[in-house]
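Structure file protein02.cif with mmCIF, C-alpha atoms:
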```
data_data
#
loop_
_atom_site.group_PDB
_atom_site.id
_atom_site.type_symbol
_atom_site.label_atom_id
_atom_site.label_comp_id
_atom_site.auth_asym_id
_atom_site.auth_seq_id
_atom_site.Cartn_x
_atom_site.Cartn_y
_atom_site.Cartn_z
ATOM 1 C CA MET L 638 86.343 73.780 128.185
ATOM 2 C CA ILE L 639 87.411 75.556 125.030
ATOM 3 C CA LEU L 640 88.819 79.047 125.435
ATOM 4 C CA ILE L 641 88.980 81.276 122.374
ATOM 5 C CA HIS L 642 89.837 84.950 121.951
ATOM 6 C CA ILE L 643 87.599 87.267 119.945
ATOM 7 C CA ASN L 644 89.361 90.537 119.164
ATOM 8 C CA ASN L 645 91.584 89.877 122.173
ATOM 9 C CA VAL L 646 88.625 89.281 124.525
ATOM 10 C CA PRO L 647 88.685 85.780 126.109
ATOM 11 C CA GLN L 648 85.518 83.796 125.400
ATOM 12 C CA PRO L 649 84.884 80.381 126.976
ATOM 13 C CA LEU L 650 82.839 77.872 124.973
ATOM 14 C CA THR L 651 81.098 74.962 126.625
ATOM 15 C CA GLU L 652 80.590 72.945 123.462
ATOM 16 C CA PRO L 653 82.045 72.759 119.940
ATOM 17 C CA THR L 654 80.884 75.935 118.229
ATOM 18 C CA SER L 655 81.090 77.002 114.602
ATOM 19 C CA LEU L 656 82.539 80.361 113.559
ATOM 20 C CA ALA L 657 79.083 81.410 112.379
ATOM 21 C CA ALA L 658 77.545 80.582 115.772
ATOM 22 C CA VAL L 659 80.260 82.529 117.585
ATOM 23 C CA VAL L 660 79.487 85.621 115.505
ATOM 24 C CA LEU L 661 75.731 85.298 116.014
ATOM 25 C CA ALA L 662 76.261 84.895 119.760
ATOM 26 C CA GLN L 663 77.856 88.352 119.727
ATOM 27 C CA ASP L 664 74.601 89.696 118.295
ATOM 28 C CA ILE L 665 76.314 90.545 115.031
ATOM 29 C CA ALA L 666 74.680 89.941 111.636
ATOM 30 C CA LEU L 667 76.615 87.468 109.526
ATOM 31 C CA ASP L 668 76.351 89.623 106.407
ATOM 32 C CA SER L 669 78.109 92.545 108.102
ATOM 33 C CA VAL L 670 81.429 91.016 109.091
ATOM 34 C CA ALA L 671 84.565 89.287 107.944
ATOM 35 C CA ILE L 672 86.250 86.639 110.071
ATOM 36 C CA VAL L 673 89.965 86.166 110.516
ATOM 37 C CA LEU L 674 90.981 82.934 112.216
ATOM 38 C CA ASN L 675 94.561 82.749 113.469
ATOM 39 C CA ALA L 676 95.623 85.479 111.012
ATOM 40 C CA GLU L 677 93.907 83.929 107.965
ATOM 41 C CA VAL L 678 90.809 85.374 106.302
ATOM 42 C CA VAL L 679 88.152 82.635 106.374
ATOM 43 C CA PRO L 680 85.996 82.228 103.239
ATOM 44 C CA ARG L 681 82.351 82.825 104.056
ATOM 45 C CA ASN L 682 81.317 79.366 102.789
ATOM 46 C CA ARG L 683 83.347 77.739 105.588
ATOM 47 C CA TRP L 684 81.937 79.705 108.518
ATOM 48 C CA GLN L 685 79.328 77.026 109.315
ATOM 49 C CA SER L 686 81.652 74.055 109.063
ATOM 50 C CA ILE L 687 84.742 75.267 110.957
ATOM 51 C CA LEU L 688 84.524 74.564 114.677
ATOM 52 C CA CYS L 689 86.511 76.680 117.103
ATOM 53 C CA GLN L 690 89.512 75.035 118.705
ATOM 54 C CA HIS L 691 91.063 75.775 122.096
ATOM 55 C CA GLU L 692 93.241 78.913 121.962
ATOM 56 C CA ASP L 693 91.910 80.003 118.568
ATOM 57 C CA LYS L 694 92.293 83.695 117.924
ATOM 58 C CA LEU L 695 89.354 85.190 116.080
ATOM 59 C CA GLU L 696 89.247 88.690 114.718
ATOM 60 C CA LEU L 697 86.016 90.230 113.486
ATOM 61 C CA PHE L 698 85.994 93.165 111.104
ATOM 62 C CA SER L 699 83.087 95.356 110.071
ATOM 63 C CA ALA L 700 82.476 98.072 107.498
ATOM 64 C CA VAL L 701 82.871 101.657 108.643
ATOM 65 C CA ALA L 702 82.457 105.000 106.937
ATOM 66 C CA GLY L 703 85.330 105.948 104.655
ATOM 67 C CA GLY L 704 86.277 107.661 101.442
ATOM 68 C CA MET A 976 77.830 105.438 79.411
ATOM 69 C CA LEU A 977 80.664 104.849 81.846
ATOM 70 C CA LYS A 978 81.683 101.214 82.066
ATOM 71 C CA ILE A 979 84.128 99.799 84.626
ATOM 72 C CA ALA A 980 84.909 96.108 84.252
ATOM 73 C CA ASP A 981 81.525 94.813 83.052
ATOM 74 C CA VAL A 982 79.357 97.269 85.007
ATOM 75 C CA GLU A 983 77.737 100.343 83.487
ATOM 76 C CA PHE A 984 77.196 103.514 85.515
ATOM 77 C CA GLU A 985 74.732 106.238 84.648
ATOM 78 C CA SER A 986 76.313 108.551 87.221
ATOM 79 C CA ARG A 987 79.897 109.719 86.900
ATOM 80 C CA LEU A 988 79.958 110.942 90.495
ATOM 81 C CA PHE A 989 81.239 108.432 93.013
ATOM 82 C CA THR A 990 80.937 109.263 96.691
ATOM 83 C CA GLY A 991 82.478 108.312 99.998
ATOM 84 C CA THR A 992 80.754 107.647 103.300
ATOM 85 C CA GLY A 993 83.274 109.280 105.659
ATOM 86 C CA LYS A 994 82.893 112.398 107.807
ATOM 87 C CA PHE A 995 79.099 112.740 107.683
ATOM 88 C CA SER A 996 77.519 113.958 110.913
ATOM 89 C CA ASN A 997 75.235 110.930 111.014
ATOM 90 C CA SER A 998 74.134 108.042 108.853
ATOM 91 C CA GLN A 999 70.777 109.578 107.944
ATOM 92 C CA VAL A 1000 72.449 112.657 106.471
ATOM 93 C CA MET A 1001 74.941 110.401 104.704
ATOM 94 C CA LEU A 1002 72.184 108.358 103.136
ATOM 95 C CA GLU A 1003 70.187 111.408 102.033
ATOM 96 C CA ALA A 1004 73.291 113.043 100.563
ATOM 97 C CA ILE A 1005 74.252 109.906 98.654
ATOM 98 C CA THR A 1006 70.702 109.604 97.362
ATOM 99 C CA ALA A 1007 70.722 113.267 96.299
ATOM 100 C CA SER A 1008 74.064 112.826 94.543
ATOM 101 C CA LYS A 1009 72.610 109.951 92.429
ATOM 102 C CA SER A 1010 75.938 108.208 92.971
ATOM 103 C CA GLN A 1011 75.880 104.507 92.159
ATOM 104 C CA LEU A 1012 79.302 103.604 93.546
ATOM 105 C CA VAL A 1013 80.026 104.342 97.196
ATOM 106 C CA THR A 1014 83.189 103.686 99.172
ATOM 107 C CA VAL A 1015 83.391 102.105 102.611
ATOM 108 C CA ALA A 1016 86.333 101.298 104.862
ATOM 109 C CA MET A 1017 86.828 98.387 107.249
ATOM 110 C CA LYS A 1018 87.801 98.210 110.876
ATOM 111 C CA ARG A 1019 88.394 95.636 113.555
ATOM 112 C CA ILE A 1020 85.277 95.579 115.740
ATOM 113 C CA ASP A 1021 85.707 97.213 119.127
ATOM 114 C CA PHE A 1022 83.219 95.527 121.455
ATOM 115 C CA LYS A 1023 83.377 98.478 123.835
ATOM 116 C CA MET A 1024 81.764 100.671 121.172
ATOM 117 C CA GLU A 1025 78.265 100.351 119.838
ATOM 118 C CA LEU A 1026 78.225 98.825 116.357
ATOM 119 C CA ASP A 1027 77.189 101.330 113.714
ATOM 120 C CA ASP A 1028 75.165 99.574 111.028
ATOM 121 C CA LEU A 1029 76.512 101.229 107.907
ATOM 122 C CA LEU A 1030 75.701 98.489 105.440
ATOM 123 C CA THR A 1031 71.949 98.008 105.837
ATOM 124 C CA PRO A 1032 70.953 101.527 104.690
ATOM 125 C CA LEU A 1033 73.510 101.479 101.862
ATOM 126 C CA ARG A 1034 72.224 98.121 100.659
ATOM 127 C CA GLN A 1035 68.661 99.423 100.837
ATOM 128 C CA ALA A 1036 69.710 102.446 98.770
ATOM 129 C CA GLY A 1037 70.769 100.040 96.034
ATOM 130 C CA VAL A 1038 74.257 101.473 95.532
ATOM 131 C CA ARG A 1039 77.244 99.343 94.613
ATOM 132 C CA LEU A 1040 79.794 99.231 97.426
ATOM 133 C CA LEU A 1041 83.457 99.892 96.781
ATOM 134 C CA PRO A 1042 85.440 98.820 99.849
ATOM 135 C CA ASN A 1043 88.816 100.444 100.296
ATOM 136 C CA THR A 1044 92.039 99.178 101.816
ATOM 137 C CA SER A 1045 92.594 102.269 103.915
ATOM 138 C CA GLY A 1046 94.829 101.494 106.861
ATOM 139 C CA ALA A 1047 97.030 99.141 104.846
ATOM 140 C CA ARG A 1048 100.669 100.175 105.076
ATOM 141 C CA ASN A 1049 102.062 97.849 102.444
ATOM 142 C CA ALA A 1050 101.058 95.461 99.657
ATOM 143 C CA LYS A 1051 100.660 92.478 101.969
ATOM 144 C CA GLU A 1052 98.237 94.312 104.243
ATOM 145 C CA ALA A 1053 96.307 95.639 101.260
ATOM 146 C CA VAL A 1054 95.832 92.134 99.852
ATOM 147 C CA PHE A 1055 94.649 91.002 103.288
ATOM 148 C CA ALA A 1056 92.183 93.918 103.410
ATOM 149 C CA ALA A 1057 90.866 93.085 99.937
ATOM 150 C CA GLU A 1058 90.239 89.500 100.994
ATOM 151 C CA LEU A 1059 88.450 90.737 104.120
ATOM 152 C CA ALA A 1060 86.265 92.986 101.976
ATOM 153 C CA ARG A 1061 85.438 90.174 99.567
ATOM 154 C CA GLU A 1062 84.201 87.924 102.384
ATOM 155 C CA MET A 1063 82.412 90.735 104.205
ATOM 156 C CA LEU A 1064 80.632 92.315 101.271
ATOM 157 C CA GLY A 1065 80.644 89.621 98.638
ATOM 158 C CA THR A 1066 82.367 91.870 96.100
ATOM 159 C CA HIS A 1067 85.548 91.509 94.075
ATOM 160 C CA TRP A 1068 85.732 95.262 93.657
ATOM 161 C CA ILE A 1069 88.419 97.004 95.676
ATOM 162 C CA LYS A 1070 89.680 100.544 95.923
ATOM 163 C CA LEU A 1071 93.348 99.908 96.513
ATOM 164 C CA GLU A 1072 94.896 102.565 98.688
ATOM 165 C CA ILE A 1073 98.187 102.348 100.533
ATOM 166 C CA HIS A 1074 99.251 105.560 102.193
ATOM 167 C CA PRO A 1075 101.399 105.004 105.269
ATOM 168 C CA ASP A 1076 102.371 108.671 105.602
ATOM 169 C CA PRO A 1077 99.823 110.167 108.054
ATOM 170 C CA LYS A 1078 100.497 113.827 107.287
ATOM 171 C CA TYR A 1079 99.864 114.016 103.556
ATOM 172 C CA LEU A 1080 98.391 110.537 102.955
ATOM 173 C CA MET A 1081 100.465 110.251 99.810
ATOM 174 C CA PRO A 1082 99.948 106.885 98.140
ATOM 175 C CA ASP A 1083 102.945 104.537 98.097
ATOM 176 C CA ALA A 1084 103.465 103.834 94.397
ATOM 177 C CA ILE A 1085 105.753 100.827 94.808
ATOM 178 C CA GLU A 1086 103.530 98.963 97.265
ATOM 179 C CA THR A 1087 100.417 99.900 95.287
ATOM 180 C CA LEU A 1088 101.764 98.461 92.038
ATOM 181 C CA ALA A 1089 102.870 95.281 93.811
ATOM 182 C CA ALA A 1090 99.459 94.851 95.456
ATOM 183 C CA ALA A 1091 97.617 95.644 92.230
ATOM 184 C CA LYS A 1092 99.454 92.859 90.401
ATOM 185 C CA ILE A 1093 98.631 90.306 93.115
ATOM 186 C CA LEU A 1094 94.986 91.367 93.377
ATOM 187 C CA CYS A 1095 94.416 91.422 89.607
ATOM 188 C CA ASP A 1096 95.924 87.923 89.389
ATOM 189 C CA LYS A 1097 93.499 86.821 92.124
ATOM 190 C CA GLY A 1098 90.558 88.099 90.077
ATOM 191 C CA PHE A 1099 89.774 91.325 91.918
ATOM 192 C CA ILE A 1100 88.422 94.381 90.103
ATOM 193 C CA VAL A 1101 91.143 96.769 91.208
ATOM 194 C CA MET A 1102 90.792 100.549 91.291
ATOM 195 C CA PRO A 1103 94.048 101.966 92.653
ATOM 196 C CA TYR A 1104 94.333 105.374 94.338
ATOM 197 C CA VAL A 1105 97.604 106.860 93.131
ATOM 198 C CA HIS A 1106 99.485 110.075 92.640
ATOM 199 C CA ALA A 1107 98.858 111.745 89.296
ATOM 200 C CA ASP A 1108 101.737 109.850 87.733
ATOM 201 C CA PRO A 1109 101.145 108.981 84.062
ATOM 202 C CA VAL A 1110 103.850 106.288 84.024
ATOM 203 C CA LEU A 1111 102.483 104.567 87.113
ATOM 204 C CA CYS A 1112 98.962 104.714 85.701
ATOM 205 C CA ARG A 1113 100.166 102.942 82.556
ATOM 206 C CA ARG A 1114 101.904 100.287 84.639
ATOM 207 C CA LEU A 1115 98.759 99.733 86.706
ATOM 208 C CA GLU A 1116 96.743 99.377 83.526
ATOM 209 C CA GLU A 1117 99.263 96.807 82.232
ATOM 210 C CA VAL A 1118 98.881 94.610 85.333
ATOM 211 C CA GLY A 1119 95.113 94.566 84.814
ATOM 212 C CA CYS A 1120 93.565 97.349 86.890
ATOM 213 C CA ALA A 1121 89.979 98.127 85.870
ATOM 214 C CA ALA A 1122 90.430 101.866 86.378
ATOM 215 C CA VAL A 1123 92.958 104.292 87.797
ATOM 216 C CA MET A 1124 92.210 106.847 90.498
ATOM 217 C CA PRO A 1125 94.805 109.627 90.398
ATOM 218 C CA LEU A 1126 94.605 112.309 93.063
ATOM 219 C CA ALA A 1127 93.730 115.934 92.372
ATOM 220 C CA SER A 1128 95.351 117.053 95.636
ATOM 221 C CA PRO A 1129 95.826 115.567 99.132
ATOM 222 C CA ILE A 1130 92.852 113.650 100.572
ATOM 223 C CA GLY A 1131 90.336 115.914 102.276
ATOM 224 C CA SER A 1132 92.330 119.065 101.463
ATOM 225 C CA ASN A 1133 89.746 120.763 99.193
ATOM 226 C CA GLN A 1134 92.647 122.186 97.155
ATOM 227 C CA GLY A 1135 91.166 121.149 93.826
ATOM 228 C CA LEU A 1136 93.048 120.117 90.691
ATOM 229 C CA VAL A 1137 96.613 120.830 91.828
ATOM 230 C CA THR A 1138 97.832 118.047 89.516
ATOM 231 C CA GLU A 1139 95.870 119.198 86.465
ATOM 232 C CA SER A 1140 98.754 119.082 83.958
ATOM 233 C CA PHE A 1141 99.489 115.468 84.825
ATOM 234 C CA LEU A 1142 95.830 114.465 84.974
ATOM 235 C CA LYS A 1143 95.575 115.642 81.353
ATOM 236 C CA ILE A 1144 98.395 113.294 80.332
ATOM 237 C CA ILE A 1145 96.831 110.397 82.249
ATOM 238 C CA ILE A 1146 93.463 111.003 80.597
ATOM 239 C CA GLU A 1147 95.077 111.249 77.158
ATOM 240 C CA GLN A 1148 96.955 107.973 77.580
ATOM 241 C CA ALA A 1149 94.536 105.813 79.565
ATOM 242 C CA ARG A 1150 92.734 102.877 78.048
ATOM 243 C CA VAL A 1151 90.830 102.255 81.289
ATOM 244 C CA PRO A 1152 88.506 104.721 83.011
ATOM 245 C CA VAL A 1153 90.189 107.557 84.907
ATOM 246 C CA VAL A 1154 88.454 108.439 88.167
ATOM 247 C CA ILE A 1155 89.842 111.612 89.708
ATOM 248 C CA ASP A 1156 89.922 111.110 93.427
ATOM 249 C CA ALA A 1157 90.867 113.171 96.456
ATOM 250 C CA GLY A 1158 91.072 116.875 97.069
ATOM 251 C CA ILE A 1159 88.138 117.997 94.938
ATOM 252 C CA GLY A 1160 86.656 120.677 97.169
ATOM 253 C CA ALA A 1161 84.063 122.472 95.044
ATOM 254 C CA PRO A 1162 81.547 121.607 92.326
ATOM 255 C CA SER A 1163 83.432 123.884 89.916
ATOM 256 C CA GLN A 1164 86.531 121.731 90.421
ATOM 257 C CA ALA A 1165 84.535 118.582 89.718
ATOM 258 C CA ALA A 1166 83.148 120.210 86.582
ATOM 259 C CA ARG A 1167 86.690 121.126 85.520
ATOM 260 C CA ALA A 1168 87.840 117.530 86.031
ATOM 261 C CA MET A 1169 85.022 116.322 83.824
ATOM 262 C CA GLU A 1170 85.746 118.999 81.194
ATOM 263 C CA LEU A 1171 89.290 117.629 81.003
ATOM 264 C CA GLY A 1172 87.820 114.272 80.034
ATOM 265 C CA ALA A 1173 87.921 112.381 83.313
ATOM 266 C CA ASP A 1174 85.539 109.436 83.254
ATOM 267 C CA ALA A 1175 84.332 110.086 86.806
ATOM 268 C CA VAL A 1176 85.238 111.819 90.043
ATOM 269 C CA LEU A 1177 85.093 110.608 93.628
ATOM 270 C CA VAL A 1178 83.993 113.172 96.190
ATOM 271 C CA ASN A 1179 83.677 112.691 99.941
ATOM 272 C CA THR A 1180 84.906 115.499 102.193
ATOM 273 C CA ALA A 1181 83.480 118.376 100.152
ATOM 274 C CA ILE A 1182 79.981 116.918 100.433
ATOM 275 C CA ALA A 1183 80.180 115.447 103.935
ATOM 276 C CA SER A 1184 81.803 118.496 105.533
ATOM 277 C CA SER A 1185 79.450 121.014 103.958
ATOM 278 C CA ALA A 1186 77.000 122.812 106.229
ATOM 279 C CA SER A 1187 74.297 121.405 103.936
ATOM 280 C CA PRO A 1188 75.570 118.060 102.669
ATOM 281 C CA ILE A 1189 72.373 117.188 100.800
ATOM 282 C CA VAL A 1190 72.359 120.458 98.846
ATOM 283 C CA MET A 1191 76.085 120.120 98.180
ATOM 284 C CA ALA A 1192 75.551 116.574 96.905
ATOM 285 C CA GLU A 1193 73.046 117.912 94.371
ATOM 286 C CA CYS A 1194 75.490 120.651 93.365
ATOM 287 C CA PHE A 1195 78.196 118.079 92.692
ATOM 288 C CA LYS A 1196 75.755 115.908 90.739
ATOM 289 C CA GLU A 1197 74.887 118.858 88.485
ATOM 290 C CA ALA A 1198 78.511 119.975 88.145
ATOM 291 C CA VAL A 1199 79.651 116.522 87.080
ATOM 292 C CA GLN A 1200 76.831 116.239 84.545
ATOM 293 C CA CYS A 1201 77.562 119.725 83.218
ATOM 294 C CA GLY A 1202 81.303 119.137 82.961
ATOM 295 C CA ARG A 1203 80.790 115.868 81.135
ATOM 296 C CA ARG A 1204 78.372 117.415 78.650
ATOM 297 C CA ALA A 1205 80.826 120.230 78.014
ATOM 298 C CA PHE A 1206 83.597 117.705 77.369
ATOM 299 C CA GLU A 1207 81.394 115.788 74.952
ATOM 300 C CA ALA A 1208 80.332 119.012 73.231
ATOM 301 C CA GLY A 1209 83.998 119.926 72.784
ATOM 302 C CA LEU A 1210 85.727 122.877 74.410
ATOM 303 C CA GLY A 1211 87.317 125.599 72.283
ATOM 304 C CA ARG A 1212 91.071 125.823 71.873
ATOM 305 C CA VAL A 1213 92.900 128.052 74.350
ATOM 306 C CA GLN A 1214 94.837 130.776 72.500
ATOM 307 C CA THR A 1215 97.230 133.476 73.605
ATOM 308 C CA GLY A 1216 95.872 136.316 71.526
ATOM 309 C CA ALA A 1217 92.350 137.605 70.946
ATOM 310 C CA VAL A 1218 90.270 136.139 68.148
ATOM 311 C CA HIS A 1219 87.423 138.422 67.173
ATOM 312 C CA THR A 1220 83.826 137.308 67.446
ATOM 313 C CA SER A 1221 82.268 140.380 65.810
ATOM 314 C CA PRO A 1222 82.995 141.902 62.390
ATOM 315 C CA LEU A 1223 85.918 144.321 62.627
ATOM 316 C CA THR A 1224 84.758 146.542 59.768
ATOM 317 C CA GLY A 1225 84.859 150.170 60.877
ATOM 318 C CA PHE A 1226 81.186 150.720 59.948
ATOM 319 C CA LEU A 1227 81.046 154.199 61.409
ATOM 320 C CA ASN A 1228 83.574 155.355 58.818
ATOM 321 C CA GLN A 1229 81.965 153.757 55.762
#
```
As a first step, turn the structure in this file into structure tokens.
Amino acid sequence: MILIHINNVPQPLTEPTSLAAVVLAQDIALDSVAIVLNAEVVPRNRWQSILCQHEDKLELFSAVAGG
Amino acid sequence: MLKIADVEFESRLFTGTGKFSNSQVMLEAITASKSQLVTVAMKRIDFKMELDDLLTPLRQAGVRLLPNTSGARNAKEAVFAAELAREMLGTHWIKLEIHPDPKYLMPDAIETLAAAKILCDKGFIVMPYVHADPVLCRRLEEVGCAAVMPLASPIGSNQGLVTESFLKIIIEQARVPVVIDAGIGAPSQAARAMELGADAVLVNTAIASSASPIVMAECFKEAVQCGRRAFEAGLGRVQTGAVHTSPLTGFLNQ
């Protein structure tokens, strides 16, 4: 089993899963987030091809109101 | 028409999305303001909270988004935030703001200049929020910033153009658009900024915190238009003494 952490919340994966699929599984629209994988911002064009590895740390960011 | 980088703006009023009571009011106020450039911030998602969909209504409104780097405490974090924004929103535009001091939110000039250089070299359209420092604004222009955003007074303070003397110097010297940001608390202050020759103003708190944000947004729209027209028409010279406007002939005695 692969165990990843999404914003510090442990998330087990039963099969190899892309970053894009992980986001969609959280019920989050892909065009509303940015993904940081192990402290690196991941370019959007790689979200489909990168598969999560055991102990990966994902951080998801969204837009919020601000001036 | 105002042009920043290669984009033309009909409206010289930029708005923020913070502090509105709800997203419907925010959207209606932004629509009423006719603003075409709207700031957003970014935050790590907290799965315990319900996700607020800020982007869908803003995208539907057809405004250009200007993500900011608020929360960054130094140049490294600001560059990271800009890269986040680029992947999230698909824009190279970034409002660069680094203000680690929580009380006055004064922008850190040294970190801001360092981040601006890196981001310009990476191809970002950089609009830095800075103190009203004419020397710093020149340096930011030299490293390739598309505009400068000097503050009128502390963020959200509604104090108006506390830095007016220095804003005048910045406007006189700038070869990139000058967007006066922060502290503008009343339409009259926005009009004054435009009369000085500012290319645009950014207003958030004064609209969002008003009892009637939609009406206030319209007031700011009109004030900015009025101030700009007055600037273009040319204001009279300020003089110490009186200069008569009527004939001084003592007609009663003639």
Check: Quick one: distance from atom CA of A:Lys1078 to atom CA of A:Gly1131 in Å, one decimal?
Finding: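 The value is 11.5 Å.
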Next item on the list: Considering all atoms listed in the file, extract the chain L residues located within 6 Å of chain A and return them as a PyMOL selection string.
Entry: chain L and resi 670-671+681+697-704
Checklist line | Pick from A:Val1153, A:Leu988, A:Met1124, A:Ile1144, whichever lies nearest to A:Ser1008 using only C-alpha atoms | finding: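 That would be A:Leu988, the residue with the smallest distance to A:Ser1008.
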Notebook entry, point to check: Neighbours of A:Ser1187 within 12 Å (all atoms listed in the file; same-chain residues fewer than 3 positions away dropped), as JSON, numbers by chain?
Noted result: {"A": [995, 996, 1000, 1001, 1003, 1004, 1007, 1181, 1182, 1183, 1184, 1190, 1191, 1192, 1193, 1194]}
Next item on the list: Name the residues that the PyMOL selection byres ((chain A and resi 1155) around 9) pulls out of this structure, and write them as a ChimeraX atom specification.
Entry: /A:1104,1123-1127,1142,1153-1154,1156-1157,1159,1165,1168-1169,1173-1178
Note to self: Applying the PyMOL selection byres ((chain A and resi 1068) around 6) to the file I just gave you, which residues come out? Please list them as number ranges by chain.
What the structure shows: A: 1066-1067, 1069, 1099-1100
Margin query: As an exercise, work out the distance from atom CA of A:Asn1049 to atom CA of L:Leu695 in Å and give it to one decimal place.
Written below: 22.5 Å
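Between A:Arg987 and the candidates A:Gln1200, A:Gln1035, A:Ser1163, A:Ser1140, the tightest atom-to-atom separation, counting all atoms listed in the file, involves A:Gln1200.
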Note to self: the PyMOL selection byres ((chain L and resi 656-669) around 6) - which residues does that actually catch in the file I just gave you? List them as a list of chain:residue names.
What the structure shows: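 After applying the PyMOL selection byres ((chain L and resi 656-669) around 6), what remains is L:Ser655, L:Val670, L:Trp684, L:Gln685.
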Notebook entry, point to check: Between atom CA of A:Ala1122 and atom CA of A:Ser986, what is the spacing in Å?
Noted result: 15.6 Å
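You can rank A:Ile1073, A:Ala1186, A:Ala1198, A:Ala1149 by their closest distance to A:Gln1164 using only C-alpha atoms, and at the top of that list sits A:Ala1198.
For L:Cys689, the residues within 8 Å (counting all atoms listed in the file, excluding itself and residues fewer than 2 positions away along the chain) are Ile641, Pro653, Thr654, Ser655, Leu656, Ile687, His691 and Asp693 of chain L.
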Next item on the list: Name the closest residue to A:Lys1009 among the candidates A:Lys1143, A:Arg1113, A:Ala1091, A:Glu1197; distances are taken between atoms, counting all atoms listed in the file.
Entry: A:Glu1197
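Of the residues listed (L:Glu677, L:Ile639, L:Lys694, L:Arg683), L:Ile639 shows the shortest atom-to-atom separation from L:Glu652; distances use all atoms listed in the file.
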Item checked: Best match for closeness to A:Val1151 among A:Glu1052, A:Glu1170, A:Glu1117, A:Glu1139, counting all atoms listed in the file -> A:Glu1117
